[in-house]
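What follows is the content of upload.csv, which has CSV, C-alpha atoms (C1' of nucleotides):
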chain,number,residue,atom,x,y,z
A,1,MET,CA,38.8,4.7,17.6
A,2,ALA,CA,35.3,3.7,17.3
A,3,GLY,CA,33.1,5.6,19.7
A,4,ALA,CA,29.8,4.2,18.6
A,5,PRO,CA,30.6,0.7,17.2
A,6,GLY,CA,27.5,-0.1,15.1
A,7,LEU,CA,25.7,-3.4,15.7
A,8,THR,CA,25.3,-6.2,13.3
A,9,ILE,CA,21.9,-7.7,12.8
A,10,GLY,CA,23.0,-10.8,14.7
A,11,VAL,CA,24.0,-8.8,17.8
A,12,LEU,CA,20.9,-6.8,17.6
A,13,ALA,CA,18.8,-9.9,17.5
A,14,GLU,CA,20.6,-11.4,20.5
A,15,ARG,CA,20.2,-8.2,22.5
A,16,ALA,CA,16.6,-7.8,21.7
A,17,GLY,CA,15.8,-11.5,22.2
A,18,CYS,CA,14.5,-12.3,18.8
A,19,SER,CA,15.7,-14.0,15.7
A,20,VAL,CA,17.5,-12.4,12.8
A,21,PRO,CA,14.8,-13.1,10.2
A,22,THR,CA,12.3,-11.5,12.5
A,23,ILE,CA,14.2,-8.3,12.3
A,24,ARG,CA,14.4,-8.4,8.6
A,25,TYR,CA,10.6,-9.2,8.6
A,26,TYR,CA,9.9,-6.2,10.7
A,27,GLU,CA,11.8,-4.0,8.4
A,28,GLU,CA,10.0,-5.4,5.4
A,29,ILE,CA,6.6,-4.7,6.8
A,30,GLY,CA,7.6,-1.2,8.0
A,31,LEU,CA,7.6,-1.8,11.7
A,32,LEU,CA,11.3,-0.9,11.8
A,33,PRO,CA,12.8,1.7,9.5
A,34,GLN,CA,15.0,0.6,6.6
A,35,ALA,CA,18.4,-0.1,8.2
A,36,ASP,CA,21.6,1.6,7.1
A,37,ARG,CA,23.9,-0.6,5.1
A,38,LYS,CA,27.6,-0.8,4.8
A,39,ALA,CA,29.4,-1.2,1.5
A,40,GLY,CA,28.7,-4.9,1.1
A,41,GLY,CA,25.0,-4.6,1.9
A,42,HIS,CA,25.1,-5.8,5.5
A,43,ARG,CA,22.8,-3.9,7.8
A,44,VAL,CA,24.2,-1.7,10.5
A,45,TYR,CA,22.4,-0.6,13.6
A,46,VAL,CA,22.9,1.8,16.5
A,47,GLU,CA,21.6,1.9,20.1
A,48,ALA,CA,18.5,3.8,19.1
A,49,ASP,CA,17.5,1.0,16.8
A,50,LEU,CA,17.9,-1.5,19.6
A,51,ARG,CA,15.6,0.6,21.8
A,52,ARG,CA,13.0,0.7,19.1
A,53,LEU,CA,13.2,-3.0,18.5
A,54,LYS,CA,12.9,-3.7,22.2
A,55,PHE,CA,9.9,-1.5,22.3
A,56,VAL,CA,8.3,-3.5,19.5
A,57,ARG,CA,9.2,-6.8,21.2
A,58,ARG,CA,7.8,-5.7,24.5
A,59,CYS,CA,4.5,-4.7,22.8
A,60,ARG,CA,4.4,-8.1,21.2
A,61,ASP,CA,4.9,-9.6,24.6
A,62,PHE,CA,1.9,-7.6,25.7
A,63,GLY,CA,0.0,-9.2,22.9
A,64,PHE,CA,-0.5,-6.2,20.7
A,65,SER,CA,-0.9,-6.9,17.0
A,66,ILE,CA,1.5,-5.4,14.5
A,67,PRO,CA,-1.0,-2.8,13.2
A,68,GLU,CA,-1.5,-1.7,16.8
A,69,ILE,CA,2.2,-1.5,17.4
A,70,LYS,CA,2.5,0.7,14.3
A,71,VAL,CA,0.1,3.1,16.0
A,72,LEU,CA,1.9,3.0,19.3
A,73,ALA,CA,5.2,3.7,17.5
A,74,GLU,CA,3.7,6.6,15.6
A,75,VAL,CA,2.5,8.2,18.8
A,76,MET,CA,5.9,7.8,20.2
A,77,GLU,CA,7.5,9.6,17.3
A,78,ASP,CA,4.9,12.3,16.9
A,79,GLY,CA,5.0,14.9,19.7
A,80,ASP,CA,1.6,16.3,18.8
A,81,ARG,CA,-0.4,13.3,19.7
A,82,SER,CA,-1.7,12.6,23.2
A,83,CYS,CA,-0.8,9.3,24.9
A,84,ALA,CA,-4.5,8.9,25.8
A,85,GLU,CA,-4.6,7.1,22.5
A,86,ILE,CA,-2.2,4.6,23.9
A,87,ARG,CA,-4.1,4.2,27.1
A,88,ASP,CA,-7.3,3.5,25.1
A,89,LEU,CA,-5.5,0.9,23.0
A,90,ALA,CA,-4.1,-0.8,26.1
A,91,GLN,CA,-7.4,-0.7,27.8
A,92,SER,CA,-9.3,-2.4,25.1
A,93,HIS,CA,-6.5,-4.8,24.9
A,94,LEU,CA,-6.8,-5.5,28.5
A,95,ALA,CA,-10.5,-6.2,28.0
A,96,ALA,CA,-9.7,-8.7,25.4
A,97,VAL,CA,-7.2,-10.4,27.7
A,98,ARG,CA,-9.8,-10.7,30.4
A,99,ALA,CA,-12.4,-12.1,28.0
A,100,LYS,CA,-9.8,-14.7,26.8
A,101,GLN,CA,-9.2,-15.7,30.4
A,102,PHE,CA,-12.9,-16.1,31.0
A,103,GLU,CA,-13.1,-18.5,28.0
A,104,LEU,CA,-10.1,-20.4,29.2
A,105,ARG,CA,-11.5,-20.9,32.7
A,106,ALA,CA,-14.7,-22.4,31.2
A,107,LEU,CA,-12.6,-24.6,29.0
A,108,GLU,CA,-10.5,-25.7,31.9
A,109,ARG,CA,-13.6,-26.7,33.8
A,110,ASP,CA,-15.0,-28.7,30.9
A,111,LEU,CA,-11.7,-30.4,30.2
A,112,SER,CA,-11.0,-31.4,33.8
A,113,ARG,CA,-14.5,-32.8,34.1
A,114,PHE,CA,-13.9,-34.7,30.9
A,115,VAL,CA,-10.6,-36.2,32.2
A,116,GLU,CA,-12.3,-37.1,35.4
A,117,SER,CA,-15.1,-38.9,33.8
A,118,CYS,CA,-12.5,-40.7,31.7
A,119,GLU,CA,-10.8,-41.9,34.8
A,120,SER,CA,-13.9,-43.1,36.6
A,121,ALA,CA,-15.8,-44.5,33.7
A,122,CYS,CA,-13.9,-46.2,31.1
A,123,VAL,CA,-10.1,-46.2,31.2
A,124,GLY,CA,-9.0,-49.5,29.8
A,125,GLY,CA,-12.2,-50.1,27.9
A,126,PRO,CA,-12.5,-50.1,24.2
A,127,GLY,CA,-13.1,-46.9,22.2
A,128,PRO,CA,-16.7,-47.1,21.0
A,129,GLN,CA,-18.1,-47.9,24.4
A,130,CYS,CA,-16.3,-45.0,26.0
A,131,THR,CA,-18.7,-42.7,27.6
A,132,VAL,CA,-16.2,-40.0,27.3
A,133,LEU,CA,-16.6,-40.0,23.5
A,134,ASP,CA,-20.3,-39.5,24.0
A,135,ASP,CA,-19.3,-36.6,26.1
A,136,LEU,CA,-17.4,-35.1,23.3
A,137,SER,CA,-20.1,-35.7,20.8
A,138,ARG,CA,-22.7,-33.9,22.8
A,139,PRO,CA,-23.6,-30.4,21.7
A,140,ARG,CA,-21.7,-27.7,23.5
A,141,VAL,CA,-23.2,-26.1,26.5
B,1,MET,CA,-41.7,-41.0,0.8
B,2,ALA,CA,-38.3,-40.0,2.0
B,3,GLY,CA,-37.4,-41.5,5.3
B,4,ALA,CA,-34.0,-40.0,5.6
B,5,PRO,CA,-33.9,-36.8,3.7
B,6,GLY,CA,-30.2,-36.2,3.2
B,7,LEU,CA,-28.7,-32.9,4.2
B,8,THR,CA,-27.1,-30.2,2.0
B,9,ILE,CA,-23.8,-28.8,3.0
B,10,GLY,CA,-25.5,-25.5,3.9
B,11,VAL,CA,-27.9,-27.2,6.3
B,12,LEU,CA,-25.1,-29.3,7.8
B,13,ALA,CA,-23.1,-26.1,8.4
B,14,GLU,CA,-26.0,-24.4,10.0
B,15,ARG,CA,-26.7,-27.3,12.3
B,16,ALA,CA,-23.1,-27.8,13.3
B,17,GLY,CA,-22.5,-24.1,13.8
B,18,CYS,CA,-19.7,-23.6,11.3
B,19,SER,CA,-19.3,-22.3,7.8
B,20,VAL,CA,-19.7,-24.2,4.5
B,21,PRO,CA,-16.1,-23.6,3.4
B,22,THR,CA,-15.0,-25.0,6.7
B,23,ILE,CA,-16.7,-28.3,6.0
B,24,ARG,CA,-15.2,-28.5,2.6
B,25,TYR,CA,-11.8,-27.7,4.1
B,26,TYR,CA,-12.2,-30.5,6.7
B,27,GLU,CA,-13.0,-32.9,3.9
B,28,GLU,CA,-10.0,-31.8,2.0
B,29,ILE,CA,-7.6,-32.4,4.8
B,30,GLY,CA,-9.2,-35.7,5.7
B,31,LEU,CA,-10.8,-34.7,9.0
B,32,LEU,CA,-14.2,-35.7,7.5
B,33,PRO,CA,-14.6,-38.5,5.0
B,34,GLN,CA,-15.3,-37.7,1.3
B,35,ALA,CA,-18.9,-36.9,1.1
B,36,ASP,CA,-21.4,-38.6,-1.2
B,37,ARG,CA,-22.5,-36.6,-4.1
B,38,LYS,CA,-25.6,-36.4,-6.1
B,39,ALA,CA,-25.7,-36.4,-9.9
B,40,GLY,CA,-24.8,-32.8,-10.3
B,41,GLY,CA,-21.9,-32.9,-7.9
B,42,HIS,CA,-23.5,-31.4,-4.8
B,43,ARG,CA,-22.5,-33.1,-1.5
B,44,VAL,CA,-25.2,-35.0,0.4
B,45,TYR,CA,-25.0,-35.8,4.1
B,46,VAL,CA,-26.8,-37.9,6.6
B,47,GLU,CA,-27.3,-37.6,10.4
B,48,ALA,CA,-24.1,-39.6,11.1
B,49,ASP,CA,-22.1,-37.0,9.2
B,50,LEU,CA,-23.6,-34.3,11.4
B,51,ARG,CA,-22.6,-36.2,14.5
B,52,ARG,CA,-19.1,-36.6,13.3
B,53,LEU,CA,-18.9,-32.9,12.3
B,54,LYS,CA,-20.3,-31.9,15.7
B,55,PHE,CA,-17.7,-34.1,17.4
B,56,VAL,CA,-14.9,-32.3,15.4
B,57,ARG,CA,-16.3,-28.9,16.2
B,58,ARG,CA,-16.6,-29.7,19.9
B,59,CYS,CA,-13.0,-30.8,19.9
B,60,ARG,CA,-12.0,-27.6,18.3
B,61,ASP,CA,-13.9,-25.7,21.0
B,62,PHE,CA,-11.8,-27.7,23.4
B,63,GLY,CA,-8.8,-26.3,21.7
B,64,PHE,CA,-7.5,-29.6,20.2
B,65,SER,CA,-5.4,-29.2,17.1
B,66,ILE,CA,-6.5,-30.9,13.9
B,67,PRO,CA,-3.8,-33.7,14.1
B,68,GLU,CA,-5.0,-34.3,17.6
B,69,ILE,CA,-8.6,-34.6,16.5
B,70,LYS,CA,-7.6,-37.0,13.8
B,71,VAL,CA,-6.3,-39.2,16.6
B,72,LEU,CA,-9.4,-38.8,18.6
B,73,ALA,CA,-11.6,-39.7,15.7
B,74,GLU,CA,-9.5,-42.7,14.8
B,75,VAL,CA,-9.9,-44.0,18.4
B,76,MET,CA,-13.6,-43.5,18.1
B,77,GLU,CA,-13.7,-45.6,14.9
B,78,ASP,CA,-11.3,-48.3,16.0
B,79,GLY,CA,-12.8,-50.7,18.6
B,80,ASP,CA,-9.4,-52.1,19.5
B,81,ARG,CA,-7.9,-49.0,21.0
B,82,SER,CA,-8.4,-48.0,24.6
B,83,CYS,CA,-9.7,-44.6,25.4
B,84,ALA,CA,-6.8,-44.1,27.8
B,85,GLU,CA,-5.2,-42.6,24.9
B,86,ILE,CA,-7.9,-39.9,24.7
B,87,ARG,CA,-7.6,-39.2,28.4
B,88,ASP,CA,-3.9,-38.7,28.1
B,89,LEU,CA,-4.4,-36.3,25.2
B,90,ALA,CA,-7.0,-34.4,27.2
B,91,GLN,CA,-4.8,-34.3,30.2
B,92,SER,CA,-1.9,-32.8,28.5
B,93,HIS,CA,-4.2,-30.4,26.8
B,94,LEU,CA,-5.5,-29.4,30.1
B,95,ALA,CA,-2.0,-28.7,31.3
B,96,ALA,CA,-1.5,-26.5,28.3
B,97,VAL,CA,-4.7,-24.6,29.0
B,98,ARG,CA,-3.6,-24.0,32.6
B,99,ALA,CA,-0.2,-22.8,31.5
B,100,LYS,CA,-1.9,-20.4,29.1
B,101,GLN,CA,-4.1,-19.1,31.8
B,102,PHE,CA,-1.0,-18.4,34.0
B,103,GLU,CA,0.5,-16.4,31.2
B,104,LEU,CA,-2.6,-14.4,30.7
B,105,ARG,CA,-2.9,-13.6,34.4
B,106,ALA,CA,0.6,-12.2,34.3
B,107,LEU,CA,-0.2,-10.3,31.2
B,108,GLU,CA,-3.3,-8.9,32.7
B,109,ARG,CA,-1.4,-7.7,35.8
B,110,ASP,CA,1.2,-5.9,33.6
B,111,LEU,CA,-1.4,-4.4,31.4
B,112,SER,CA,-3.6,-3.1,34.1
B,113,ARG,CA,-0.6,-1.5,35.9
B,114,PHE,CA,0.3,0.0,32.6
B,115,VAL,CA,-3.2,1.5,32.0
B,116,GLU,CA,-3.2,2.8,35.6
B,117,SER,CA,0.1,4.6,35.3
B,118,CYS,CA,-1.2,6.0,32.1
B,119,GLU,CA,-4.2,7.5,33.9
B,120,SER,CA,-2.2,8.9,36.8
B,121,ALA,CA,0.9,10.1,35.0
B,122,CYS,CA,0.3,11.5,31.6
B,123,VAL,CA,-3.1,11.4,30.0
B,124,GLY,CA,-3.4,14.5,28.0
B,125,GLY,CA,0.3,15.1,27.7
B,126,PRO,CA,2.3,14.8,24.5
B,127,GLY,CA,3.7,11.5,23.3
B,128,PRO,CA,7.4,11.8,23.9
B,129,GLN,CA,7.1,12.9,27.5
B,130,CYS,CA,4.8,10.1,28.3
B,131,THR,CA,6.2,8.0,31.1
B,132,VAL,CA,4.1,5.1,29.9
B,133,LEU,CA,6.1,4.9,26.7
B,134,ASP,CA,9.2,4.5,28.8
B,135,ASP,CA,7.4,1.7,30.5
B,136,LEU,CA,6.9,0.0,27.3
B,137,SER,CA,10.5,0.5,26.3
B,138,ARG,CA,11.9,-1.0,29.4
B,139,PRO,CA,13.1,-4.5,29.2
B,140,ARG,CA,10.6,-7.2,30.1
B,141,VAL,CA,10.6,-8.4,33.7
C,1,DC,C1',44.9,-14.7,1.3
C,2,DT,C1',41.9,-18.0,2.8
C,3,DA,C1',38.6,-20.2,5.9
C,4,DG,C1',34.4,-20.2,7.9
C,5,DG,C1',31.0,-17.7,10.1
C,6,DC,C1',27.8,-14.3,9.4
C,7,DC,C1',25.2,-11.9,6.2
C,8,DC,C1',22.2,-11.3,1.9
C,9,DT,C1',17.7,-12.1,-1.0
C,10,DC,C1',13.8,-14.6,-2.5
C,11,DA,C1',10.5,-18.2,-2.1
C,12,DA,C1',7.8,-21.3,0.3
C,13,DG,C1',5.9,-23.3,4.6
C,14,DT,C1',3.2,-23.1,9.2
C,15,DA,C1',-2.4,-23.4,11.4
C,16,DG,C1',-6.9,-23.1,10.4
C,17,DC,C1',-9.5,-21.4,8.1
C,18,DT,C1',-11.7,-17.2,5.0
C,19,DT,C1',-12.5,-14.7,0.8
C,20,DG,C1',-13.0,-14.2,-4.1
C,21,DA,C1',-13.6,-15.3,-9.0
C,22,DG,C1',-16.0,-17.6,-12.2
C,23,DG,C1',-19.0,-21.1,-13.3
C,24,DT,C1',-22.8,-25.0,-12.5
C,25,DT,C1',-27.0,-27.1,-10.3
C,26,DC,C1',-31.2,-27.3,-7.9
C,27,DA,C1',-35.9,-26.4,-6.7
C,28,DA,C1',-39.7,-23.5,-6.6
C,29,DG,C1',-43.0,-20.9,-9.2
C,30,DC,C1',-45.4,-20.0,-13.5
D,1,DG,C1',-41.3,-27.0,-19.7
D,2,DC,C1',-38.9,-23.0,-18.5
D,3,DT,C1',-37.0,-19.4,-15.8
D,4,DT,C1',-34.9,-17.5,-11.9
D,5,DG,C1',-32.1,-16.9,-8.1
D,6,DA,C1',-30.2,-19.1,-4.2
D,7,DA,C1',-27.1,-22.4,-3.1
D,8,DC,C1',-23.6,-25.2,-4.7
D,9,DC,C1',-19.1,-26.3,-7.2
D,10,DT,C1',-13.6,-25.8,-7.9
D,11,DC,C1',-9.4,-23.6,-7.6
D,12,DA,C1',-6.5,-20.0,-6.0
D,13,DA,C1',-5.1,-16.6,-3.0
D,14,DG,C1',-5.2,-14.2,1.5
D,15,DC,C1',-4.9,-13.8,6.6
D,16,DT,C1',-1.1,-13.5,11.2
D,17,DA,C1',3.4,-13.4,12.5
D,18,DC,C1',6.8,-15.4,11.6
D,19,DT,C1',10.1,-19.6,10.4
D,20,DT,C1',12.7,-22.4,7.2
D,21,DG,C1',15.5,-23.4,3.2
D,22,DA,C1',18.1,-22.7,-1.0
D,23,DG,C1',21.8,-20.6,-3.1
D,24,DG,C1',25.0,-17.3,-2.8
D,25,DG,C1',28.1,-13.0,-1.1
D,26,DC,C1',30.8,-10.5,2.5
D,27,DC,C1',34.0,-9.8,6.3
D,28,DT,C1',37.6,-10.5,9.4
D,29,DA,C1',40.9,-13.2,12.1
D,30,DG,C1',44.8,-15.8,11.6
Would you write the structure of this file as structure tokens?
Amino acid sequence: MAGAPGLTIGVLAERAGCSVPTIRYYEEIGLLPQADRKAGGHRVYVEADLRRLKFVRRCRDFGFSIPEIKVLAEVMEDGDRSCAEIRDLAQSHLAAVRAKQFELRALERDLSRFVESCESACVGGPGPQCTVLDDLSRPRV
Amino acid sequence: MAGAPGLTIGVLAERAGCSVPTIRYYEEIGLLPQADRKAGGHRVYVEADLRRLKFVRRCRDFGFSIPEIKVLAEVMEDGDRSCAEIRDLAQSHLAAVRAKQFELRALERDLSRFVESCESACVGGPGPQCTVLDDLSRPRV
DNA sequence: CTAGGCCCTCAAGTAGCTTGAGGTTCAAGC
DNA sequence: GCTTGAACCTCAAGCTACTTGAGGGCCTAG
């Protein structure tokens, strides 16, 4: 009569959508608490562990770094700390995401120009005469 | 009466906009040829080396991986290979850049919603009651 | 009780560099 | 010619966030 069954690491991984070694890795670096073990040494988990792991994974999806997630998790556990801290973290993260997008847009523009000039100028020609290679050799804008 | 002076690694790094160890690293992995040395063992470079390094750096700016750059560089050296190869590489790279942008846009949307709900719902409140943390714990969409 | 699937630990590998330790060489100034 | 200090040298380890592999132990269904 098992009310709360206890999850194996494999099941936990499957439900959280990550690999088994990743879970062991998170435990090792302190992102997850040390798991309980049964007699033989196998890790046993409960639903609360799954929630915690899902939280971590979702934060990773958001692009937070592991040190950042440690902070987020601490705030979650600690009733005395305001979640303004979390908002600030998310906000500066958002700024970083936007900056990255900006970079990528510039990159996309350059790259598509590059491909275009490839098409029109030298496809089929030999390497050294390729104007496109000059393009790549020119200093960045 | 030195016509071509010969550049030190430090000067080369400065002109190419990268660090000195990076240049040594590129040489080690075969992205740059083995540099000439003077008697004491210091590396000596000429303008052609600078061009090659700038080419590599520009490719890195474009986000090409090191194996990819090796291909690009080979095509440059080898007169018999068409630059269509380069266009293809650039094109698939462009596709990857666009995919990444797509991801980042979704991420930005999620994050800004998150920050917003933070603002309106619980800034100043204690951690555990923060609805935002629930948000982060919810499975990903 | 046994088969085989899941679990364990520890070590090393991934990309693209950076950082550090400990020592040598070069070039300018005296 | 000699000294000084900046720049150079090599080799090794560190960084992020994991993954992969070797070599073995546990657990449970039949």
For DG24 of chain D: contacts at 12 Å, all atoms listed in the file, fewer than 5 positions along chain excluded, given as a list in words: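 Neighbouring residues, sequence-local ones excluded: DC7, DC8, DT9 and DC10 of chain C.
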For chain A against chain D, which residues fall within 8 Å using only C-alpha atoms (C1' of nucleotides), given as a ChimeraX atom specification? /A:22,25,40,42
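Reported to one decimal place, the separation of atom CA of Ala16 of chain B from atom CA of Ile86 of chain B is 22.5 Å.
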Would you mind reading off the distance between atom CA of Arg37 of chain B and atom C1' of DC26 of chain C, one decimal, in Å?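 About the pair atom CA of Arg37 of chain B and atom C1' of DC26 of chain C: they are 13.3 Å apart.
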Interatomic distance between atom CA of Leu107 of chain A and atom CA of Ser92 of chain B? 13.5 Å
For chain A, which of B:Val20, B:Val56, B:Val44, B:Leu32 is the closest residue, counting all atoms listed in the file? B:Val56
Against chain C, which residues of chain B fall within 12 Å? For each one I want the closest pair of atoms and the distance in Å (one decimal), counting all atoms listed in the file, rows by chain and increasing residue number, as a tab-separated table.
residue	atom	partner	partner_atom	distance
B:Thr8	CA	C:DC26	C1'	11.1
B:Cys18	CA	C:DC17	C1'	10.9
B:Ser19	CA	C:DT18	C1'	9.6
B:Val20	CA	C:DT18	C1'	10.6
B:Pro21	CA	C:DT18	C1'	7.9
B:Thr22	CA	C:DC17	C1'	6.7
B:Ile23	CA	C:DC17	C1'	10.2
B:Arg24	CA	C:DC17	C1'	10.6
B:Tyr25	CA	C:DC17	C1'	7.8
B:Tyr26	CA	C:DC17	C1'	9.6
B:Ile29	CA	C:DG16	C1'	10.9
B:Lys38	CA	C:DT25	C1'	10.3
B:Ala39	CA	C:DT25	C1'	9.4
B:Gly40	CA	C:DT25	C1'	6.1
B:Gly41	CA	C:DT25	C1'	8.1
B:His42	CA	C:DT25	C1'	7.8
B:Arg43	CA	C:DT25	C1'	11.6
B:Arg60	CA	C:DG16	C1'	10.4
B:Gly63	CA	C:DG16	C1'	11.9
B:Phe64	CA	C:DG16	C1'	11.8
B:Ser65	CA	C:DA15	C1'	8.7
B:Ile66	CA	C:DG16	C1'	8.6
B:Pro67	CA	C:DA15	C1'	10.7
Pick from A:Arg113, A:Arg98, A:Arg15, A:Lys70, whichever lies nearest to chain B using only C-alpha atoms: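 Comparing A:Arg113, A:Arg98, A:Arg15, A:Lys70 against chain B, the winner is A:Arg98.
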Rank A:Met76, A:Ala96, A:Val71, A:Ala106 by their smallest atom-to-atom distance to chain B, using only C-alpha atoms, and report the top residue only.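 Of the candidates, the smallest distance to chain B is held by A:Met76.
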Of the listed residues A:Glu119, A:Glu103, A:Phe55, A:Gly6, that which approaches chain B most closely, counting only C-alpha atoms: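 Once distances to chain B are computed over only C-alpha atoms, the minimum belongs to A:Phe55.
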Between B:Glu68, B:Glu28, B:Glu74, B:Glu47, single out the one closest to chain A, counting all atoms listed in the file.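 The answer is B:Glu74, which sits nearest to chain A.
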Incomplete segment 16-32 of chain A filled out to N, CA and C atoms as a PDB file, in the frame of the given file:
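Result file is result-v1.pdb:
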ATOM      1  N   ALA A  16      18.011  -8.096  21.612  1.00  0.00           N
ATOM      2  CA  ALA A  16      16.600  -7.800  21.700  1.00  0.00           C
ATOM      3  C   ALA A  16      15.799  -9.102  22.041  1.00  0.00           C
ATOM      4  N   GLY A  17      16.485 -10.216  21.940  1.00  0.00           N
ATOM      5  CA  GLY A  17      15.800 -11.500  22.200  1.00  0.00           C
ATOM      6  C   GLY A  17      14.867 -11.926  21.145  1.00  0.00           C
ATOM      7  N   CYS A  18      15.277 -11.739  19.917  1.00  0.00           N
ATOM      8  CA  CYS A  18      14.500 -12.300  18.800  1.00  0.00           C
ATOM      9  C   CYS A  18      15.394 -12.817  17.748  1.00  0.00           C
ATOM     10  N   SER A  19      14.831 -13.366  16.697  1.00  0.00           N
ATOM     11  CA  SER A  19      15.700 -14.000  15.700  1.00  0.00           C
ATOM     12  C   SER A  19      16.042 -12.936  14.602  1.00  0.00           C
ATOM     13  N   VAL A  20      17.078 -13.250  13.866  1.00  0.00           N
ATOM     14  CA  VAL A  20      17.500 -12.400  12.800  1.00  0.00           C
ATOM     15  C   VAL A  20      16.456 -12.220  11.703  1.00  0.00           C
ATOM     16  N   PRO A  21      15.860 -13.300  11.225  1.00  0.00           N
ATOM     17  CA  PRO A  21      14.800 -13.100  10.200  1.00  0.00           C
ATOM     18  C   PRO A  21      13.640 -12.281  10.695  1.00  0.00           C
ATOM     19  N   THR A  22      13.366 -12.347  11.981  1.00  0.00           N
ATOM     20  CA  THR A  22      12.300 -11.500  12.500  1.00  0.00           C
ATOM     21  C   THR A  22      12.581 -10.050  12.301  1.00  0.00           C
ATOM     22  N   ILE A  23      13.816  -9.662  12.532  1.00  0.00           N
ATOM     23  CA  ILE A  23      14.200  -8.300  12.300  1.00  0.00           C
ATOM     24  C   ILE A  23      14.033  -7.866  10.868  1.00  0.00           C
ATOM     25  N   ARG A  24      14.510  -8.722   9.995  1.00  0.00           N
ATOM     26  CA  ARG A  24      14.400  -8.400   8.600  1.00  0.00           C
ATOM     27  C   ARG A  24      12.876  -8.323   8.192  1.00  0.00           C
ATOM     28  N   TYR A  25      12.095  -9.213   8.815  1.00  0.00           N
ATOM     29  CA  TYR A  25      10.600  -9.200   8.600  1.00  0.00           C
ATOM     30  C   TYR A  25      10.026  -7.890   9.045  1.00  0.00           C
ATOM     31  N   TYR A  26      10.393  -7.440  10.224  1.00  0.00           N
ATOM     32  CA  TYR A  26       9.900  -6.200  10.700  1.00  0.00           C
ATOM     33  C   TYR A  26      10.222  -5.023   9.833  1.00  0.00           C
ATOM     34  N   GLU A  27      11.421  -5.073   9.314  1.00  0.00           N
ATOM     35  CA  GLU A  27      11.800  -4.000   8.400  1.00  0.00           C
ATOM     36  C   GLU A  27      10.970  -4.041   7.145  1.00  0.00           C
ATOM     37  N   GLU A  28      10.775  -5.219   6.635  1.00  0.00           N
ATOM     38  CA  GLU A  28      10.000  -5.400   5.400  1.00  0.00           C
ATOM     39  C   GLU A  28       8.583  -4.861   5.516  1.00  0.00           C
ATOM     40  N   ILE A  29       7.956  -5.114   6.666  1.00  0.00           N
ATOM     41  CA  ILE A  29       6.600  -4.700   6.800  1.00  0.00           C
ATOM     42  C   ILE A  29       6.480  -3.250   7.384  1.00  0.00           C
ATOM     43  N   GLY A  30       7.632  -2.610   7.559  1.00  0.00           N
ATOM     44  CA  GLY A  30       7.600  -1.200   8.000  1.00  0.00           C
ATOM     45  C   GLY A  30       7.451  -0.985   9.458  1.00  0.00           C
ATOM     46  N   LEU A  31       7.683  -2.010  10.239  1.00  0.00           N
ATOM     47  CA  LEU A  31       7.600  -1.800  11.700  1.00  0.00           C
ATOM     48  C   LEU A  31       8.904  -1.259  12.215  1.00  0.00           C
ATOM     49  N   LEU A  32       9.964  -1.523  11.508  1.00  0.00           N
ATOM     50  CA  LEU A  32      11.300  -0.900  11.800  1.00  0.00           C
ATOM     51  C   LEU A  32      11.632  -0.122  10.506  1.00  0.00           C
TER      52      LEU A  32
END
